[in-house]
Amino acid sequence: MPHRTATLLWRAFLAAALVCAVGLLPWLSRTDPALTVLKARSAERDPDPEVLATIRTQLGLDDGPLRLLGQWLTGLPHGDAGRSWISGAEVMPGVLQALGASMLLMGSAVAVAVVAAGLVCARTLRRGARAVGRPGDGGPGFPGVLGEFVARRLGGTGSAARPESRTRRPFRRPAERPGGTGSAVLAALPEFLTASVLATVVGVRLGWLPALGWYGPRWVVLPALALGVPAGAVLGRLLDDLLPGAFGEPWVRAAAARGLSGGRIARQAVRRCLPGLLPNMGLFVVGLTGGAVAVEQIFDIPGLGRTTLQAGLAQDLPVLQAGTLALLLLAAVAAGLTRLAARLLIGPALRADALPSLHGPSASTPRRTLPLVYGALLLGVVALGLPRDPLALDTGLRLQHPTWAHPFGTDALGRDLLARVAHGAVDTLLLALAISAVALGTGVLLGLLPRLSGPLVDTVNAVPPVLAALLVTAVAGSGAATPSLAVAALAWTPLAAHTSALLLQERATLHVTATRGLGAGRWHILRHSLLPAVLPPVTRHALLRLPGVALALASLGFLGLGAQPPSPEWGLLLAENQPYAERAPWAVLAPAAVLALLGALAVTAAGSMQGASTRRELAAR
């Protein structure tokens, strides 16, 4: 009970600190909120001193930020979040309406993500179901695929395996295939680019679905696809990473011996893996609600992310504070529900310390050539483009299609796109690698302390990347490092959640219980049992997130909060060329294709890492 009270107090402190930081945003950034509000109300009006003084008196700015924050907090118990500094309308109805739109979009995107995740891991599920679902596959002494598999697990080579020579043998997952990297391509496609393509092709050219507005169910489909497909690709890869361990657990043999069908066993394998994924699913729910700013901008959706962005840029503090508080409450509810679901799924086994480990060896046979091929292609693009000048203008070659002289074509100013993509790759990839490394270290360290990191993860994840960029700009000032600091401040949260979820299960495994019973101390168990089981999947997760880090940097550039012209940063390239996507699609497809190539490289490299760790474990056994 004291631990729960301390956790609740820690969560409340973090939420209060974030809301206070948002309330102090204009003063932290050393800007005049009256001037910002005037420009938001009427951009053409001159900042006359008398007008600014009137705005300060009207908003009570002379009373200071603490008094304003106190007045805002005092009204919350009565359902009063103040009035907008820009429009003068009541804040609470507008924020609740925006939250409703975002929740509907989030729910639709989650449904799309679940379907996409199922398609990503369908081959592993189908193969596992076939292995356990064939007639006679009941264990040693039974013919068939599962019988041979169990015989190998028991140490023999056929049906006469000896029970006393039990050795854990891995579920053999199919080799990484080119189609398996399709999920990487989907995960690496920027949401704003996917949204733009869907709006242009499906909405405008084909006219199948509406491309703008928010008037009914038909208007939900395209933005839900733009948000749900990349999220589902990431979740599907994480689930696909855990399934072989579930199919290799002893209960599968027992279930097959009792005659359960392969399909039912496959469903139970998914259920067994869900507790390790639920924290990240909760993070996706909050992220899709408040972080869908670019998609909401493209489809003209009056959602919470767009409302927060507009309020942050205009320094409309009552709206910004109410939006942030709504996201914090949603994060707390999502975290509570995911923890409750995990307890319901594996609670008895956790309490009995009787869980098998999901992270034994998995004898996948990844194609080592694929990462080399993708890496060579990426290096080839960079090597061919670096000698070219990314800033050279030639207005006579505006939006020229790809030629031998310009393999990627040119942009709206006649600049060579190959040169700009290659020079942007150096900055974007190096930044993404550095941020991913810092995020991995931070996520693992904080994930080992779940009582400390749990509320911190939920609070930080509730901050949209745009708001994080504004807060970082307010504290550290604007500059080239601002997007990197903003992304780094958020990138560690899914890795910490993943670490904590895996650690919770691994501590309840039989071999850790036996090691503890033999007198091993906490540090010995941590070094020799917990970290070896947790680090490989979390490291692969960080590698899978590498394109997402590059995407986050690109998204800030797309929204105008990242690099500024004439920088060749990838997000800025996509933002500059997105208006010409219909007339010159190569101007957008070139940087998008390189991002997809980076995703394919990350996924295949993660698969190779898994194969290498498997071989080391098998050699050790």
# chains A, B, ... in the order shown; residues from 1 in each chain; ligands from 1
call {"tool": "residues_around", "arguments": {"residues": "Trp85 (chain A)", "least_positions_apart": "6", "cutoff": "10 Å", "atoms": "only C-alpha atoms", "output": "PyMOL selection string"}}
result
chain A and resi 33-34+37-38+40-41+55+58-59+91+311+314-319
call {"tool": "select_by_dssp", "arguments": {"residues": "region 174-312 of chain A", "states": "helix (DSSP H, G or I)", "output": "ChimeraX atom specification"}}
result
/A:178-188,191-205,217-219,221-247,250-257,262-290,293-299,304-312
call {"tool": "closest_residue", "arguments": {"among": "A:Gly571, A:Gly380, A:Gly282, A:Gly245", "to": "Val588 (chain A)", "atoms": "only C-alpha atoms"}}
result
A:Gly571
call {"tool": "residues_around", "arguments": {"residues": "Ala322 (chain A)", "least_positions_apart": "6", "cutoff": "8 Å", "atoms": "only C-alpha atoms", "output": "number ranges by chain"}}
result
A: 81, 91-92, 95
call {"tool": "write_last_selection", "arguments": {"atoms": "N, CA, C and O atoms", "output": "CSV table (one decimal), in the first residue's frame"}}
result
chain,number,residue,atom,x,y,z
A,81,ALA,N,-12.3,26.0,-17.3
A,81,ALA,CA,-10.9,26.1,-17.7
A,81,ALA,C,-10.5,27.4,-18.2
A,81,ALA,O,-9.5,27.6,-18.9
A,91,VAL,N,-13.1,27.6,-22.8
A,91,VAL,CA,-12.1,26.6,-23.2
A,91,VAL,C,-12.6,25.1,-23.1
A,91,VAL,O,-12.4,24.3,-24.0
A,92,MET,N,-13.3,24.8,-22.0
A,92,MET,CA,-13.7,23.4,-21.8
A,92,MET,C,-14.5,22.8,-22.9
A,92,MET,O,-14.2,21.7,-23.3
A,95,VAL,N,-12.2,22.1,-25.9
A,95,VAL,CA,-11.2,21.0,-25.7
A,95,VAL,C,-11.9,19.7,-25.7
A,95,VAL,O,-11.4,18.7,-26.2
call {"tool": "closest_residue", "arguments": {"among": "A:Arg4, A:Arg127, A:Arg267, A:Arg583", "to": "His401 (chain A)", "atoms": "only C-alpha atoms"}}
result
A:Arg583
call {"tool": "closest_residue", "arguments": {"among": "A:Ser500, A:Pro591, A:Pro223, A:Ile435", "to": "His423 (chain A)", "atoms": "only C-alpha atoms"}}
result
A:Pro591
call {"tool": "closest_residue", "arguments": {"among": "A:Val22, A:Leu551, A:Ile86, A:Leu518", "to": "Leu69 (chain A)", "atoms": "only C-alpha atoms"}}
result
A:Val22
call {"tool": "closest_residue", "arguments": {"among": "A:Leu345, A:Ala434, A:Ala590, A:Val460", "to": "Val381 (chain A)", "atoms": "only C-alpha atoms"}}
result
A:Ala590
call {"tool": "residues_around", "arguments": {"residues": "Ile298 (chain A)", "least_positions_apart": "2", "cutoff": "12 Å", "atoms": "only C-alpha atoms", "output": "PyMOL selection string"}}
result
chain A and resi 191-200+203+211-214+222-223+226+292-296+300-303+306+558-559+575+578-579
call {"tool": "write_last_selection", "arguments": {"atoms": "N, CA and C atoms", "output": "JSON list (two decimals), in the first residue's frame"}}
result
[["chain", "number", "residue", "atom", "x", "y", "z"],
["A", 191, "GLU", "N", 3.86, 9.58, -41.53],
["A", 191, "GLU", "CA", 2.40, 9.65, -41.46],
["A", 191, "GLU", "C", 1.87, 10.78, -42.32],
["A", 192, "PHE", "N", 2.58, 11.93, -42.30],
["A", 192, "PHE", "CA", 2.08, 13.06, -43.08],
["A", 192, "PHE", "C", 2.20, 12.79, -44.58],
["A", 193, "LEU", "N", 3.22, 11.99, -44.98],
["A", 193, "LEU", "CA", 3.33, 11.64, -46.40],
["A", 193, "LEU", "C", 2.23, 10.66, -46.80],
["A", 194, "THR", "N", 2.02, 9.64, -45.95],
["A", 194, "THR", "CA", 0.95, 8.69, -46.22],
["A", 194, "THR", "C", -0.40, 9.41, -46.29],
["A", 195, "ALA", "N", -0.60, 10.36, -45.37],
["A", 195, "ALA", "CA", -1.84, 11.12, -45.39],
["A", 195, "ALA", "C", -1.98, 11.94, -46.67],
["A", 196, "SER", "N", -0.89, 12.56, -47.09],
["A", 196, "SER", "CA", -0.94, 13.37, -48.31],
["A", 196, "SER", "C", -1.25, 12.51, -49.53],
["A", 197, "VAL", "N", -0.61, 11.33, -49.62],
["A", 197, "VAL", "CA", -0.85, 10.44, -50.76],
["A", 197, "VAL", "C", -2.29, 9.94, -50.76],
["A", 198, "LEU", "N", -2.78, 9.54, -49.59],
["A", 198, "LEU", "CA", -4.16, 9.04, -49.52],
["A", 198, "LEU", "C", -5.16, 10.15, -49.87],
["A", 199, "ALA", "N", -4.90, 11.36, -49.36],
["A", 199, "ALA", "CA", -5.82, 12.46, -49.64],
["A", 199, "ALA", "C", -5.80, 12.80, -51.13],
["A", 200, "THR", "N", -4.60, 12.79, -51.75],
["A", 200, "THR", "CA", -4.49, 13.17, -53.15],
["A", 200, "THR", "C", -5.05, 12.10, -54.08],
["A", 203, "GLY", "N", -8.70, 10.40, -52.23],
["A", 203, "GLY", "CA", -9.71, 11.40, -52.00],
["A", 203, "GLY", "C", -10.01, 12.31, -53.18],
["A", 211, "ALA", "N", -11.57, 13.80, -48.67],
["A", 211, "ALA", "CA", -10.18, 14.09, -48.33],
["A", 211, "ALA", "C", -10.05, 15.17, -47.27],
["A", 212, "LEU", "N", -11.06, 15.98, -47.05],
["A", 212, "LEU", "CA", -10.97, 17.07, -46.08],
["A", 212, "LEU", "C", -12.24, 17.12, -45.24],
["A", 213, "GLY", "N", -12.06, 17.56, -44.00],
["A", 213, "GLY", "CA", -13.21, 17.78, -43.14],
["A", 213, "GLY", "C", -13.43, 16.66, -42.14],
["A", 214, "TRP", "N", -14.48, 16.83, -41.33],
["A", 214, "TRP", "CA", -14.78, 15.90, -40.24],
["A", 214, "TRP", "C", -16.29, 15.93, -40.00],
["A", 222, "LEU", "N", -9.59, 7.58, -44.16],
["A", 222, "LEU", "CA", -8.25, 7.90, -44.66],
["A", 222, "LEU", "C", -7.29, 8.31, -43.55],
["A", 223, "PRO", "N", -7.66, 9.22, -42.64],
["A", 223, "PRO", "CA", -6.72, 9.53, -41.55],
["A", 223, "PRO", "C", -6.44, 8.34, -40.65],
["A", 226, "ALA", "N", -3.80, 6.36, -42.35],
["A", 226, "ALA", "CA", -2.50, 7.04, -42.29],
["A", 226, "ALA", "C", -1.85, 6.88, -40.93],
["A", 292, "ALA", "N", -1.11, 13.29, -33.39],
["A", 292, "ALA", "CA", -1.50, 13.19, -34.79],
["A", 292, "ALA", "C", -1.65, 14.57, -35.43],
["A", 293, "VAL", "N", -0.73, 15.47, -35.09],
["A", 293, "VAL", "CA", -0.88, 16.87, -35.51],
["A", 293, "VAL", "C", -0.82, 16.99, -37.03],
["A", 294, "ALA", "N", 0.19, 16.36, -37.65],
["A", 294, "ALA", "CA", 0.37, 16.52, -39.09],
["A", 294, "ALA", "C", -0.82, 15.95, -39.86],
["A", 295, "VAL", "N", -1.30, 14.78, -39.43],
["A", 295, "VAL", "CA", -2.45, 14.17, -40.11],
["A", 295, "VAL", "C", -3.70, 15.04, -39.93],
["A", 296, "GLU", "N", -3.89, 15.58, -38.74],
["A", 296, "GLU", "CA", -5.04, 16.45, -38.52],
["A", 296, "GLU", "C", -4.94, 17.72, -39.35],
["A", 300, "ASP", "N", -7.67, 18.40, -42.19],
["A", 300, "ASP", "CA", -8.49, 19.45, -41.61],
["A", 300, "ASP", "C", -9.42, 18.89, -40.54],
["A", 301, "ILE", "N", -8.82, 18.15, -39.58],
["A", 301, "ILE", "CA", -9.58, 17.52, -38.50],
["A", 301, "ILE", "C", -9.44, 18.39, -37.25],
["A", 302, "PRO", "N", -10.53, 18.78, -36.62],
["A", 302, "PRO", "CA", -10.44, 19.63, -35.41],
["A", 302, "PRO", "C", -10.13, 18.80, -34.17],
["A", 303, "GLY", "N", -8.99, 18.14, -34.18],
["A", 303, "GLY", "CA", -8.61, 17.26, -33.10],
["A", 303, "GLY", "C", -7.80, 17.96, -32.03],
["A", 306, "ARG", "N", -4.10, 19.14, -33.14],
["A", 306, "ARG", "CA", -4.10, 20.39, -33.89],
["A", 306, "ARG", "C", -4.46, 21.57, -33.00],
["A", 558, "PHE", "N", 8.54, 19.13, -40.95],
["A", 558, "PHE", "CA", 7.33, 19.32, -41.76],
["A", 558, "PHE", "C", 6.42, 20.38, -41.16],
["A", 559, "LEU", "N", 6.35, 20.45, -39.81],
["A", 559, "LEU", "CA", 5.49, 21.42, -39.14],
["A", 559, "LEU", "C", 6.16, 22.77, -38.95],
["A", 575, "ALA", "N", 8.39, 18.62, -46.54],
["A", 575, "ALA", "CA", 7.49, 19.75, -46.37],
["A", 575, "ALA", "C", 7.54, 20.69, -47.57],
["A", 578, "GLN", "N", 5.93, 18.71, -50.67],
["A", 578, "GLN", "CA", 4.60, 18.12, -50.55],
["A", 578, "GLN", "C", 3.53, 18.84, -51.37],
["A", 579, "PRO", "N", 3.57, 20.20, -51.50],
["A", 579, "PRO", "CA", 2.56, 20.85, -52.36],
["A", 579, "PRO", "C", 2.64, 20.45, -53.83]]
